[in-house]
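Note: the block below is my_file.txt and it holds compact mmCIF, C-alpha atoms.
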```txt
# COMPACT_ATOMS: atom_id res chain seq x y z
CA MET O 98 -40.05 -146.73 39.87
CA SER O 99 -38.74 -143.64 41.69
CA PHE O 100 -40.99 -140.87 43.01
CA ASN O 101 -44.08 -142.71 41.78
CA ASP O 102 -43.25 -141.65 38.20
CA VAL O 103 -44.67 -138.15 38.80
CA PHE O 104 -42.00 -136.53 36.58
CA LYS O 105 -42.45 -138.80 33.57
CA ASP O 106 -43.41 -136.77 30.45
CA LYS O 107 -43.75 -133.61 32.56
CA LYS O 108 -42.23 -130.24 31.64
CA VAL O 109 -39.67 -129.33 34.30
CA ILE O 110 -37.78 -126.04 34.42
CA VAL O 111 -34.43 -126.25 36.20
CA THR O 112 -32.70 -122.93 36.77
CA GLY O 113 -28.96 -123.16 37.35
CA ASN O 114 -28.94 -126.41 35.41
CA THR O 115 -25.34 -125.88 34.21
CA GLY O 116 -24.04 -125.91 37.79
CA PHE O 117 -22.94 -128.94 39.80
CA LYS O 118 -26.22 -129.69 41.61
CA GLY O 119 -28.31 -128.50 38.67
CA SER O 120 -26.53 -130.87 36.28
CA TRP O 121 -27.05 -133.88 38.56
CA LEU O 122 -30.73 -132.95 38.95
CA THR O 123 -31.06 -132.56 35.17
CA ILE O 124 -29.57 -136.01 34.59
CA TRP O 125 -31.86 -137.63 37.16
CA LEU O 126 -34.98 -135.95 35.76
CA HIS O 127 -33.94 -136.88 32.20
CA LYS O 128 -33.46 -140.48 33.33
CA MET O 129 -37.01 -140.47 34.75
CA GLY O 130 -38.49 -139.29 31.45
CA ALA O 131 -39.04 -135.62 32.25
CA LYS O 132 -38.90 -132.95 29.55
CA VAL O 133 -36.25 -130.71 31.10
CA VAL O 134 -35.98 -127.02 30.21
CA GLY O 135 -32.80 -125.46 31.58
CA ILE O 136 -32.14 -121.79 32.36
CA SER O 137 -28.62 -120.61 33.21
CA ARG O 138 -26.61 -117.48 32.57
CA GLU O 139 -23.48 -119.44 31.64
CA VAL O 140 -21.54 -122.62 32.20
CA PRO O 141 -19.84 -121.68 35.48
CA THR O 142 -16.65 -123.75 35.36
CA THR O 143 -14.18 -125.36 33.00
CA PRO O 144 -14.41 -128.30 32.96
CA SER O 145 -18.08 -128.66 33.89
CA LEU O 146 -20.45 -131.57 34.34
CA PHE O 147 -22.89 -129.88 31.95
CA ASP O 148 -20.35 -129.78 29.10
CA GLU O 149 -18.55 -133.05 29.80
CA LEU O 150 -21.83 -134.98 29.72
CA LYS O 151 -23.18 -132.96 26.75
CA LEU O 152 -26.38 -132.16 28.62
CA GLY O 153 -27.14 -129.26 26.28
CA GLU O 154 -27.84 -131.84 23.57
CA LYS O 155 -30.26 -133.82 25.73
CA ILE O 156 -32.57 -131.04 26.94
CA GLU O 157 -34.00 -127.68 25.89
CA HIS O 158 -31.63 -125.05 27.23
CA HIS O 159 -31.78 -121.25 27.53
CA PHE O 160 -28.71 -119.17 28.29
CA GLU O 161 -30.41 -116.38 30.23
CA ASP O 162 -29.69 -114.38 33.39
CA ILE O 163 -32.34 -114.76 36.11
CA CYS O 164 -31.83 -111.04 36.79
CA ASN O 165 -33.54 -110.42 33.43
CA GLY O 166 -37.08 -110.66 34.73
CA GLU O 167 -38.93 -110.18 31.45
CA ALA O 168 -36.92 -112.86 29.64
CA ILE O 169 -37.47 -115.31 32.47
CA LYS O 170 -41.19 -114.56 32.48
CA ASN O 171 -41.41 -115.24 28.74
CA ILE O 172 -39.62 -118.60 29.07
CA PHE O 173 -42.06 -119.64 31.81
CA ILE O 174 -45.10 -118.54 29.81
CA ASP O 175 -43.87 -120.39 26.70
CA THR O 176 -42.91 -123.55 28.58
CA LYS O 177 -45.98 -123.85 30.86
CA PRO O 178 -43.96 -125.96 33.32
CA ASP O 179 -45.49 -128.63 35.53
CA PHE O 180 -42.55 -128.32 37.94
CA VAL O 181 -39.87 -125.71 38.62
CA PHE O 182 -36.63 -126.31 40.53
CA HIS O 183 -34.87 -123.01 41.21
CA LEU O 184 -31.15 -123.55 41.84
CA ALA O 185 -29.60 -120.62 39.92
CA ALA O 186 -27.42 -118.59 42.28
CA GLN O 187 -24.05 -117.11 43.03
CA PRO O 188 -22.94 -120.00 45.25
CA ILE O 189 -19.41 -119.16 46.45
CA VAL O 190 -18.74 -117.49 49.83
CA SER O 191 -15.40 -115.99 48.79
CA VAL O 192 -16.95 -114.51 45.62
CA SER O 193 -19.68 -112.88 47.72
CA TYR O 194 -16.98 -110.94 49.58
CA ALA O 195 -15.34 -109.84 46.33
CA ASP O 196 -18.67 -108.84 44.69
CA PRO O 197 -21.48 -108.47 47.23
CA ILE O 198 -23.75 -106.48 44.90
CA GLU O 199 -23.73 -109.16 42.18
CA THR O 200 -24.34 -111.82 44.83
CA LEU O 201 -27.32 -109.94 46.27
CA GLN O 202 -28.74 -109.18 42.82
CA THR O 203 -28.54 -112.79 41.70
CA ASN O 204 -29.59 -114.51 44.91
CA VAL O 205 -32.29 -112.06 46.03
CA MET O 206 -33.69 -110.27 42.97
CA GLY O 207 -33.07 -113.33 40.78
CA THR O 208 -35.20 -115.38 43.17
CA ALA O 209 -37.87 -112.64 43.10
CA ASN O 210 -37.88 -112.83 39.29
CA ILE O 211 -38.50 -116.60 39.40
CA LEU O 212 -41.38 -116.08 41.82
CA GLU O 213 -42.78 -113.29 39.65
CA ALA O 214 -42.61 -115.61 36.61
CA LEU O 215 -44.53 -118.23 38.60
CA ARG O 216 -47.11 -115.59 39.54
CA VAL O 217 -48.05 -114.93 35.91
CA LEU O 218 -48.42 -118.60 34.99
CA LYS O 219 -51.94 -119.70 34.09
CA ASN O 220 -51.28 -123.44 34.45
CA PRO O 221 -50.85 -125.47 37.66
CA CYS O 222 -47.19 -125.66 38.71
CA LYS O 223 -45.23 -127.02 41.67
CA ALA O 224 -42.06 -125.10 42.57
CA VAL O 225 -39.10 -126.11 44.73
CA MET O 226 -37.08 -123.05 45.72
CA ILE O 227 -33.55 -124.05 46.70
CA THR O 228 -31.54 -121.78 49.00
CA SER O 229 -28.81 -123.02 51.36
CA ASP O 230 -28.06 -124.10 54.92
CA LYS O 231 -26.15 -120.81 55.14
CA CYS O 232 -29.47 -118.93 55.08
CA TYR O 233 -29.52 -119.42 58.86
CA ASP O 234 -28.02 -116.89 61.25
CA ASN O 235 -25.17 -119.15 62.29
CA VAL O 236 -24.25 -118.69 65.95
CA GLU O 237 -22.15 -121.89 65.80
CA TRP O 238 -24.06 -123.83 68.42
CA ILE O 239 -23.71 -127.59 68.61
CA TRP O 240 -27.25 -128.63 67.65
CA GLY O 241 -28.84 -128.51 64.22
CA TYR O 242 -30.77 -125.54 62.91
CA LYS O 243 -34.53 -125.96 62.57
CA GLU O 244 -36.73 -124.36 59.94
CA THR O 245 -38.11 -122.02 62.63
CA ASP O 246 -34.69 -120.57 63.48
CA ALA O 247 -33.68 -117.05 62.42
CA VAL O 248 -32.32 -116.48 58.91
CA GLY O 249 -29.56 -114.07 57.90
CA GLY O 250 -25.83 -114.08 58.43
CA LYS O 251 -22.57 -112.23 58.91
CA ASP O 252 -21.24 -112.60 55.36
CA PRO O 253 -22.77 -111.37 52.07
CA TYR O 254 -23.55 -114.89 50.87
CA SER O 255 -25.48 -115.82 54.02
CA ALA O 256 -27.30 -112.50 53.94
CA SER O 257 -28.31 -113.08 50.32
CA LYS O 258 -29.70 -116.52 51.12
CA GLY O 259 -31.54 -115.30 54.22
CA ALA O 260 -33.04 -112.48 52.16
CA ALA O 261 -34.07 -114.93 49.43
CA GLU O 262 -35.95 -116.92 52.08
CA LEU O 263 -37.85 -113.78 53.11
CA VAL O 264 -38.77 -113.07 49.49
CA ILE O 265 -40.04 -116.64 49.05
CA LYS O 266 -42.12 -116.35 52.23
CA THR O 267 -43.52 -112.99 51.09
CA TYR O 268 -44.57 -114.28 47.67
CA PHE O 269 -46.19 -117.35 49.17
CA HIS O 270 -48.31 -115.45 51.67
CA SER O 271 -49.09 -112.55 49.32
CA TYR O 272 -49.94 -114.48 46.16
CA PHE O 273 -49.88 -118.28 46.42
CA ASN O 274 -51.51 -118.98 49.80
CA LYS O 275 -54.98 -118.86 48.32
CA PRO O 276 -57.48 -121.66 47.54
CA ASP O 277 -57.57 -120.72 43.85
CA SER O 278 -53.80 -120.37 43.38
CA ASN O 279 -52.35 -122.68 40.73
CA ILE O 280 -48.87 -122.40 42.26
CA LYS O 281 -47.69 -124.57 45.12
CA LEU O 282 -44.17 -124.25 46.48
CA VAL O 283 -41.68 -125.21 49.15
CA ALA O 284 -38.32 -123.75 50.17
CA VAL O 285 -35.50 -126.24 50.73
CA ARG O 286 -32.12 -125.93 52.38
CA ALA O 287 -29.02 -128.12 52.25
CA GLY O 288 -25.26 -127.70 52.41
CA ASN O 289 -21.82 -129.32 52.30
CA VAL O 290 -22.75 -131.23 49.18
CA ILE O 291 -20.05 -133.25 47.40
CA GLY O 292 -19.93 -135.64 44.46
CA GLY O 293 -18.40 -136.19 41.06
CA GLY O 294 -18.34 -133.35 38.55
CA ASP O 295 -17.92 -130.39 40.90
CA TRP O 296 -15.18 -127.99 39.77
CA ALA O 297 -16.34 -124.88 41.64
CA LEU O 298 -13.87 -122.34 43.01
CA ASN O 299 -12.55 -122.70 46.57
CA ARG O 300 -14.28 -125.98 47.36
CA ILE O 301 -12.23 -128.61 49.08
CA VAL O 302 -13.06 -131.66 46.93
CA PRO O 303 -12.49 -129.97 43.52
CA ASP O 304 -9.27 -128.39 44.87
CA CYS O 305 -8.21 -131.82 46.08
CA ILE O 306 -8.89 -133.60 42.79
CA LEU O 307 -7.22 -130.92 40.66
CA ALA O 308 -4.10 -131.13 42.85
CA TRP O 309 -3.95 -134.91 42.65
CA ASP O 310 -4.45 -134.85 38.90
CA GLN O 311 -1.29 -132.71 38.71
CA ASN O 312 0.51 -135.10 41.10
CA ASN O 313 0.60 -132.47 43.84
CA ALA O 314 -0.30 -132.68 47.50
CA VAL O 315 -3.60 -130.92 48.19
CA LYS O 316 -3.31 -127.86 50.44
CA ILE O 317 -5.78 -128.07 53.31
CA ARG O 318 -6.82 -124.79 54.95
CA SER O 319 -8.72 -126.17 57.95
CA PRO O 320 -8.03 -129.91 58.26
CA TYR O 321 -9.94 -130.40 61.51
CA SER O 322 -13.06 -128.39 60.60
CA THR O 323 -16.08 -130.63 60.92
CA ARG O 324 -18.81 -130.65 58.29
CA PRO O 325 -21.93 -132.78 57.76
CA TRP O 326 -20.87 -134.04 54.31
CA GLN O 327 -23.51 -135.49 52.01
CA HIS O 328 -23.48 -136.74 48.44
CA VAL O 329 -25.28 -134.51 45.95
CA LEU O 330 -27.97 -137.13 45.32
CA GLU O 331 -29.11 -136.95 48.96
CA PRO O 332 -30.56 -133.41 48.98
CA LEU O 333 -31.74 -133.87 45.38
CA SER O 334 -33.81 -136.84 46.52
CA GLY O 335 -35.36 -134.52 49.10
CA TYR O 336 -36.11 -131.83 46.52
CA LEU O 337 -37.73 -134.39 44.22
CA LEU O 338 -39.70 -135.94 47.08
CA ALA O 339 -40.99 -132.51 48.13
CA ALA O 340 -42.11 -131.85 44.55
CA GLN O 341 -43.83 -135.24 44.47
CA ALA O 342 -45.62 -134.45 47.74
CA LEU O 343 -46.83 -131.11 46.33
CA ALA O 344 -48.07 -132.84 43.18
CA GLU O 345 -49.88 -135.63 45.01
CA GLY O 346 -51.19 -133.46 47.86
CA LYS O 347 -50.57 -136.19 50.42
CA ALA O 348 -49.10 -133.81 52.97
CA ASN O 349 -50.05 -130.20 53.57
CA ILE O 350 -46.58 -128.79 52.92
CA ASN O 351 -47.46 -125.89 50.62
CA GLY O 352 -45.38 -122.84 51.59
CA GLU O 353 -43.24 -124.76 54.07
CA PRO O 354 -39.43 -124.74 54.35
CA PHE O 355 -37.48 -128.01 54.71
CA ASN O 356 -33.93 -128.97 55.66
CA PHE O 357 -32.16 -131.88 53.98
CA GLY O 358 -28.94 -133.09 55.54
CA PRO O 359 -27.09 -136.20 56.68
CA ASN O 360 -27.61 -138.03 59.96
CA ALA O 361 -25.96 -136.42 62.97
CA ASP O 362 -23.32 -139.16 63.14
CA GLN O 363 -22.09 -138.32 59.62
CA ASN O 364 -20.04 -135.29 60.75
CA HIS O 365 -16.41 -135.73 59.72
CA THR O 366 -13.36 -133.50 59.46
CA VAL O 367 -11.98 -132.22 56.18
CA LEU O 368 -8.95 -134.47 56.63
CA GLU O 369 -11.13 -137.55 57.24
CA LEU O 370 -13.12 -136.79 54.10
CA LEU O 371 -10.06 -136.41 51.89
CA LYS O 372 -8.46 -139.55 53.28
CA ALA O 373 -11.68 -141.48 52.54
CA ILE O 374 -11.82 -140.10 48.98
CA SER O 375 -8.12 -140.85 48.43
CA ASN O 376 -8.90 -144.57 48.88
CA HIS O 377 -10.66 -144.41 45.50
CA TRP O 378 -8.00 -142.46 43.57
CA ASP O 379 -5.25 -144.11 41.52
CA PHE O 380 -2.15 -142.24 42.73
CA LYS O 381 0.92 -142.13 40.54
CA ALA O 382 4.20 -140.44 41.54
CA ILE O 383 3.08 -138.67 44.69
CA ASP O 384 4.22 -139.51 48.23
CA GLU O 385 2.47 -136.78 50.22
CA HIS O 386 -1.26 -136.55 49.55
CA PHE O 387 -1.97 -133.62 51.91
CA ALA O 388 -0.24 -130.35 52.90
CA ILE O 389 -1.79 -128.50 55.84
CA GLU O 390 -1.76 -124.70 55.86
CA ASN O 391 -3.81 -121.87 57.35
CA ASN O 392 -4.29 -118.67 55.36
CA THR O 393 -8.02 -117.92 55.36
CA THR O 394 -8.53 -114.20 54.60
CA PHE O 395 -12.32 -114.06 54.99
CA HIS O 396 -14.85 -115.16 57.60
CA GLU O 397 -16.21 -118.61 56.96
CA ALA O 398 -18.69 -120.17 59.36
CA GLY O 399 -17.41 -122.99 61.50
CA LEU O 400 -19.84 -125.56 62.82
CA LEU O 401 -23.12 -125.61 60.88
CA LYS O 402 -25.53 -128.52 60.72
CA LEU O 403 -29.22 -128.97 60.08
CA ASN O 404 -32.04 -130.60 61.98
CA CYS O 405 -34.01 -132.65 59.44
CA ASP O 406 -36.80 -133.92 61.70
CA LYS O 407 -39.42 -131.95 59.78
CA ALA O 408 -38.53 -133.63 56.47
CA LEU O 409 -38.68 -137.01 58.19
CA PHE O 410 -42.09 -136.27 59.77
CA TYR O 411 -43.89 -134.73 56.77
CA LEU O 412 -42.11 -136.44 53.87
CA GLN O 413 -40.63 -139.58 55.48
CA TRP O 414 -37.34 -138.46 53.90
CA LYS O 415 -34.14 -140.12 55.04
CA PRO O 416 -30.58 -140.03 53.70
CA VAL O 417 -29.46 -143.17 51.88
CA LEU O 418 -25.66 -143.26 51.97
CA VAL O 419 -23.27 -143.64 54.88
CA PHE O 420 -20.01 -141.65 54.93
CA GLU O 421 -17.88 -144.33 53.30
CA GLU O 422 -20.36 -144.68 50.42
CA THR O 423 -20.44 -140.91 49.95
CA ALA O 424 -16.64 -140.88 49.69
CA ARG O 425 -16.64 -143.85 47.30
CA PHE O 426 -19.27 -142.34 44.98
CA THR O 427 -17.27 -139.12 44.89
CA GLY O 428 -13.73 -140.48 44.59
CA ALA O 429 -14.68 -143.16 42.06
CA TRP O 430 -16.42 -140.63 39.79
CA TYR O 431 -13.37 -138.35 39.61
CA ASN O 432 -10.98 -141.28 39.30
CA THR O 433 -13.00 -142.61 36.35
CA PHE O 434 -13.07 -139.17 34.71
CA TYR O 435 -9.34 -138.46 35.06
CA ASN O 436 -7.72 -141.90 35.07
CA LYS O 437 -9.97 -144.10 32.94
CA LYS O 438 -10.01 -142.29 29.62
CA GLY O 439 -12.64 -143.36 27.11
CA THR O 440 -15.35 -144.01 29.70
CA ASP O 441 -18.79 -142.71 28.72
CA MET O 442 -19.20 -140.33 31.67
CA PHE O 443 -22.91 -139.75 31.04
CA GLU O 444 -23.59 -143.48 31.32
CA TYR O 445 -21.25 -143.74 34.30
CA THR O 446 -23.10 -140.90 36.07
CA VAL O 447 -26.46 -142.53 35.32
CA SER O 448 -25.06 -145.80 36.71
CA GLN O 449 -24.29 -144.03 40.00
CA ILE O 450 -27.89 -142.77 40.13
CA ARG O 451 -29.12 -146.32 39.49
CA GLU O 452 -26.92 -147.65 42.29
CA TYR O 453 -28.21 -144.91 44.59
CA GLU O 454 -31.84 -145.77 43.71
CA LEU O 455 -31.19 -149.48 44.32
CA ASN O 456 -29.54 -148.71 47.64
CA ALA O 457 -32.59 -146.62 48.61
CA LYS O 458 -34.98 -149.39 47.58
CA GLN O 459 -33.06 -151.97 49.62
CA LYS O 460 -33.35 -149.67 52.65
CA SER O 461 -37.11 -149.14 51.98
CA ILE O 462 -36.69 -145.39 51.51
CA VAL O 463 -40.16 -144.02 50.74
CA TRP O 464 -39.47 -142.50 47.32
CA ALA O 465 -37.78 -145.66 45.99
CA VAL O 466 -40.38 -148.31 46.86
```

Using C-alpha cells, write down the structure from this file.
Amino acid sequence: MSFNDVFKDKKVIVTGNTGFKGSWLTIWLHKMGAKVVGISREVPTTPSLFDELKLGEKIEHHFEDICNGEAIKNIFIDTKPDFVFHLAAQPIVSVSYADPIETLQTNVMGTANILEALRVLKNPCKAVMITSDKCYDNVEWIWGYKETDAVGGKDPYSASKGAAELVIKTYFHSYFNKPDSNIKLVAVRAGNVIGGGDWALNRIVPDCILAWDQNNAVKIRSPYSTRPWQHVLEPLSGYLLAAQALAEGKANINGEPFNFGPNADQNHTVLELLKAISNHWDFKAIDEHFAIENNTTFHEAGLLKLNCDKALFYLQWKPVLVFEETARFTGAWYNTFYNKKGTDMFEYTVSQIREYELNAKQKSIVWAV
C-alpha cells in the first residue's frame, strides 16, 4: 500500500499530463485507484508516452491551454478535485530563447490561472505546484541550493520558473494562508529527470536513444558536464508524499517549498550516464556509440544541484534508486519499446513502478511501508 492509499477513489487533476513527467504521474495515480482528470494543451512530442500507452482512454482528459483562465476555472469547478498536481509548462531551455513571451505566458500566467482556479473552488483541495530546480538564481557554486536561496535566472526559462515561484508564494499568503481556507498547497522543485518515454527536444537521453535506434553514434555536446541525474519516479514520489502530508496534516508544510533530488554522491557526467544506459541497449551494426562535439549556441547553466534536507526533515523523503538502477530502468524501458516489438508498454511501465515500490519498501522508505 503506497502513500497510505490517500489517492484511492479521489479526483485528481494533473495539468501537463501528456508530457513525460505528467504521463508517469498519471500512470502511477491510475494504478493507485485515483480518478485522474488531465489538462494539457496538446501532446508535446511524437512519439509520446501519453499516446503510446493510450492514456487518453484510461482517464478523463481535456485538451485545454492553461493560459485560458476561464476554461481552466470551469474544469476545476466541474471536477471538484481532491488533489491537483500542476506540471503544465513550457519545459525546454532552448525553446525559451526562441520564444520567451510564450514561455513566460505559459509558465507564469498559466500558473496564476491554476492558482486562480483553486481560489474559486468551494471544496477542500490539496495542490502540488511543480516548478523546476532552474527556478534558482544559479551562481554555479558547489553546494546544493536550499529552498531559502534566491530565485530567478539568466535565461528566459529560469526567469519564468522563478517568477512562477513568486506567484505561488503571493497566492498562498494572500488567499490560502487563512484558517478557513479550503486550499492547501506546496511548491516543489526537481531537475535532471530521466526515464523511459521521454522524447522531448534537446534532451540528452531522448537524443541518444533516437540516434541508436537509427544505428548512429549519439552526438554529445558536453560529455564531462556533471548533473545529479534521477529517475522520473524519484521526484514523483516526493510530489505524492507532499500531497499525502497535506491531506493527513501530519506536518505543517502548507505553503512551503521543497526540493527533491538525488543524493550528493549521485552526480555523474553525461558520458558516464550514456555509457551506463548503453549497457541495457541491444546494439546492432554500430561500432561507435558516442561522438563528442561542442556547438552550444545558448547559455545553459553548468553545475546545479539541490539540497534536499528539508524534504528529509519534514517528509522523511529519500531517493530510492542508485545510479546504476536509474540507468537500467531508463535503458531497459527504451530497449523494450524499440527492440522488443509486441510488448504491452503500459503493463511494462506499470511493472517498473511496481519494482520501484518494492525497492522502496525493502529500503523502508516512509511512503512505501

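Of the residues listed (O:Cys405, O:Val192, O:Leu282, O:Ala429), O:Cys405 shows the shortest atom-to-atom separation from O:Phe357; distances use only C-alpha atoms.
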
Could you produce a table of the residues of stretch 156-274 of chain O lying within 12 Å of stretch 300-310 of chain O, with the nearest pair of atoms per residue and their separation in Å rounded to one decimal, using all atoms listed in the file, ordered by chain and increasing residue number, as a Markdown table?
```
| residue | atom | partner | partner_atom | distance |
| --- | --- | --- | --- | --- |
| O:Pro188 | CA | O:Arg300 | CA | 10.7 |
| O:Ile189 | CA | O:Arg300 | CA | 8.6 |
| O:Val190 | CA | O:Arg300 | CA | 9.9 |
| O:Ser191 | CA | O:Arg300 | CA | 10.2 |
| O:Val192 | CA | O:Arg300 | CA | 11.9 |
```

List every residue of stretch 222-290 of chain O that has an atom at most 12 Å from any atom of stretch 117-120 of chain O, giving for each one its closest atom pair and the distance in Å to one decimal, counting all atoms listed in the file, sorted by chain and then by ascending residue number, as JSON lines.
```
{"residue": "O:Ile227", "atom": "CA", "partner": "O:Lys118", "partner_atom": "CA", "distance": 10.6}
{"residue": "O:Ala287", "atom": "CA", "partner": "O:Lys118", "partner_atom": "CA", "distance": 11.1}
{"residue": "O:Gly288", "atom": "CA", "partner": "O:Lys118", "partner_atom": "CA", "distance": 11.0}
{"residue": "O:Asn289", "atom": "CA", "partner": "O:Lys118", "partner_atom": "CA", "distance": 11.6}
{"residue": "O:Val290", "atom": "CA", "partner": "O:Lys118", "partner_atom": "CA", "distance": 8.5}
```

query = Please, which residues are within 10 Å of (-36.6, -145.1, 47.8) by the file's coordinates, counting all atoms listed in the file, and could they come as a VMD selection string?
reply = chain O and resid 98 to 101 334 338 414 to 417 453 to 466

Show me, as AutoDock Vina command-line options, the centre and edge lengths in Å to one decimal of the axis-aligned box that covers every listed atom of stretch 223-242 of chain O with 6 Å on each side.
```
--center_x -33.7 --center_y -122.8 --center_z 55.1 --size_x 35.1 --size_y 23.7 --size_z 38.9
```

| message | Taking 5 positions as the minimum chain separation for residues in the same chain, which residues sit within 9 Å of O:Lys243 when counting all atoms listed in the file? Answer as a PyMOL selection string. | response | chain O and resi 355-356+403-407

Keeping C-alpha atoms, export the residues of the selection given above as an mmCIF file, in the coordinates of the input.
```cif
data_model
loop_
_atom_site.group_PDB
_atom_site.id
_atom_site.type_symbol
_atom_site.label_atom_id
_atom_site.label_comp_id
_atom_site.auth_asym_id
_atom_site.auth_seq_id
_atom_site.Cartn_x
_atom_site.Cartn_y
_atom_site.Cartn_z
ATOM 1 C CA PHE O 355 -37.480 -128.010 54.710
ATOM 2 C CA ASN O 356 -33.930 -128.970 55.660
ATOM 3 C CA LEU O 403 -29.220 -128.970 60.080
ATOM 4 C CA ASN O 404 -32.040 -130.600 61.980
ATOM 5 C CA CYS O 405 -34.010 -132.650 59.440
ATOM 6 C CA ASP O 406 -36.800 -133.920 61.700
ATOM 7 C CA LYS O 407 -39.420 -131.950 59.780
#
```

### Query
Can you tell me, as a PyMOL selection string, which residues sit within 10 Å of (-19.9, -140.5, 36.2) in the file's frame, using only C-alpha atoms?
chain O and resi 146+149-150+292-294+426-427+429-434+440-450

From atom CA of O:Val236 to atom CA of O:Gly207 the spacing works out at 27.2 Å

Gap from atom CA of O:Val217 to atom CA of O:Ala168 - Å, one decimal |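 Straight-line distance from atom CA of O:Val217 to atom CA of O:Ala168 works out to 12.9 Å.
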
Item checked: Exercise: stretch 274-281 of chain O partners within 7 Å, only C-alpha atoms, chain neighbours under 2 positions left out, as a list in words ->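 Contacts, with the query itself left out: Asn220, Pro221, Cys222, Lys223, Ala224, Phe269, His270, Ser271, Tyr272, Leu343 and Asn351 of chain O.
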
In terms of all atoms listed in the file, the residue from O:Phe147, O:Phe173, O:Tyr435, O:Tyr254 at minimal distance from O:Tyr194 is O:Tyr254

Grab the atom CA of O:Leu368 to atom CA of O:Asn312 distance for me, in Å with one decimal place.
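Going from atom CA of O:Leu368 over to atom CA of O:Asn312 covers 18.2 Å.
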
Nearest to O:Tyr268, restricted to only C-alpha atoms and choosing among O:Gly428, O:Gly352, O:Gly130, O:Pro197, comes out as O:Gly352

Emit a file covering stretch 106-134 of chain O of the preceding structure with C-alpha atoms, as a PDB file, in the first residue's frame.
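The resulting file, decode-v9.pdb, is shown below:
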```pdb
ATOM      1  CA  ASP O 106     -11.081   6.847  -5.433  1.00  0.00           C
ATOM      2  CA  LYS O 107     -10.062  10.521  -5.215  1.00  0.00           C
ATOM      3  CA  LYS O 108     -10.474  13.029  -8.051  1.00  0.00           C
ATOM      4  CA  VAL O 109      -7.014  14.206  -9.092  1.00  0.00           C
ATOM      5  CA  ILE O 110      -6.362  16.904 -11.685  1.00  0.00           C
ATOM      6  CA  VAL O 111      -2.988  16.604 -13.403  1.00  0.00           C
ATOM      7  CA  THR O 112      -2.058  19.511 -15.659  1.00  0.00           C
ATOM      8  CA  GLY O 113       0.568  18.728 -18.267  1.00  0.00           C
ATOM      9  CA  ASN O 114      -0.474  15.089 -18.120  1.00  0.00           C
ATOM     10  CA  THR O 115       0.517  14.465 -21.768  1.00  0.00           C
ATOM     11  CA  GLY O 116       4.154  15.329 -21.028  1.00  0.00           C
ATOM     12  CA  PHE O 117       6.876  12.955 -19.852  1.00  0.00           C
ATOM     13  CA  LYS O 118       6.586  13.504 -16.084  1.00  0.00           C
ATOM     14  CA  GLY O 119       2.841  14.078 -16.290  1.00  0.00           C
ATOM     15  CA  SER O 120       2.300  10.758 -18.061  1.00  0.00           C
ATOM     16  CA  TRP O 121       4.313   8.819 -15.478  1.00  0.00           C
ATOM     17  CA  LEU O 122       2.392  10.550 -12.670  1.00  0.00           C
ATOM     18  CA  THR O 123      -0.912   9.753 -14.412  1.00  0.00           C
ATOM     19  CA  ILE O 124       0.018   6.076 -14.684  1.00  0.00           C
ATOM     20  CA  TRP O 125       1.043   5.879 -11.028  1.00  0.00           C
ATOM     21  CA  LEU O 126      -2.132   7.610  -9.813  1.00  0.00           C
ATOM     22  CA  HIS O 127      -4.264   5.391 -12.084  1.00  0.00           C
ATOM     23  CA  LYS O 128      -2.514   2.332 -10.649  1.00  0.00           C
ATOM     24  CA  MET O 129      -3.384   3.517  -7.127  1.00  0.00           C
ATOM     25  CA  GLY O 130      -7.081   3.841  -7.988  1.00  0.00           C
ATOM     26  CA  ALA O 131      -7.318   7.604  -8.422  1.00  0.00           C
ATOM     27  CA  LYS O 132      -9.844   9.169 -10.796  1.00  0.00           C
ATOM     28  CA  VAL O 133      -7.442  11.204 -12.922  1.00  0.00           C
ATOM     29  CA  VAL O 134      -8.579  14.275 -14.860  1.00  0.00           C
TER      30      VAL O 134
END
```
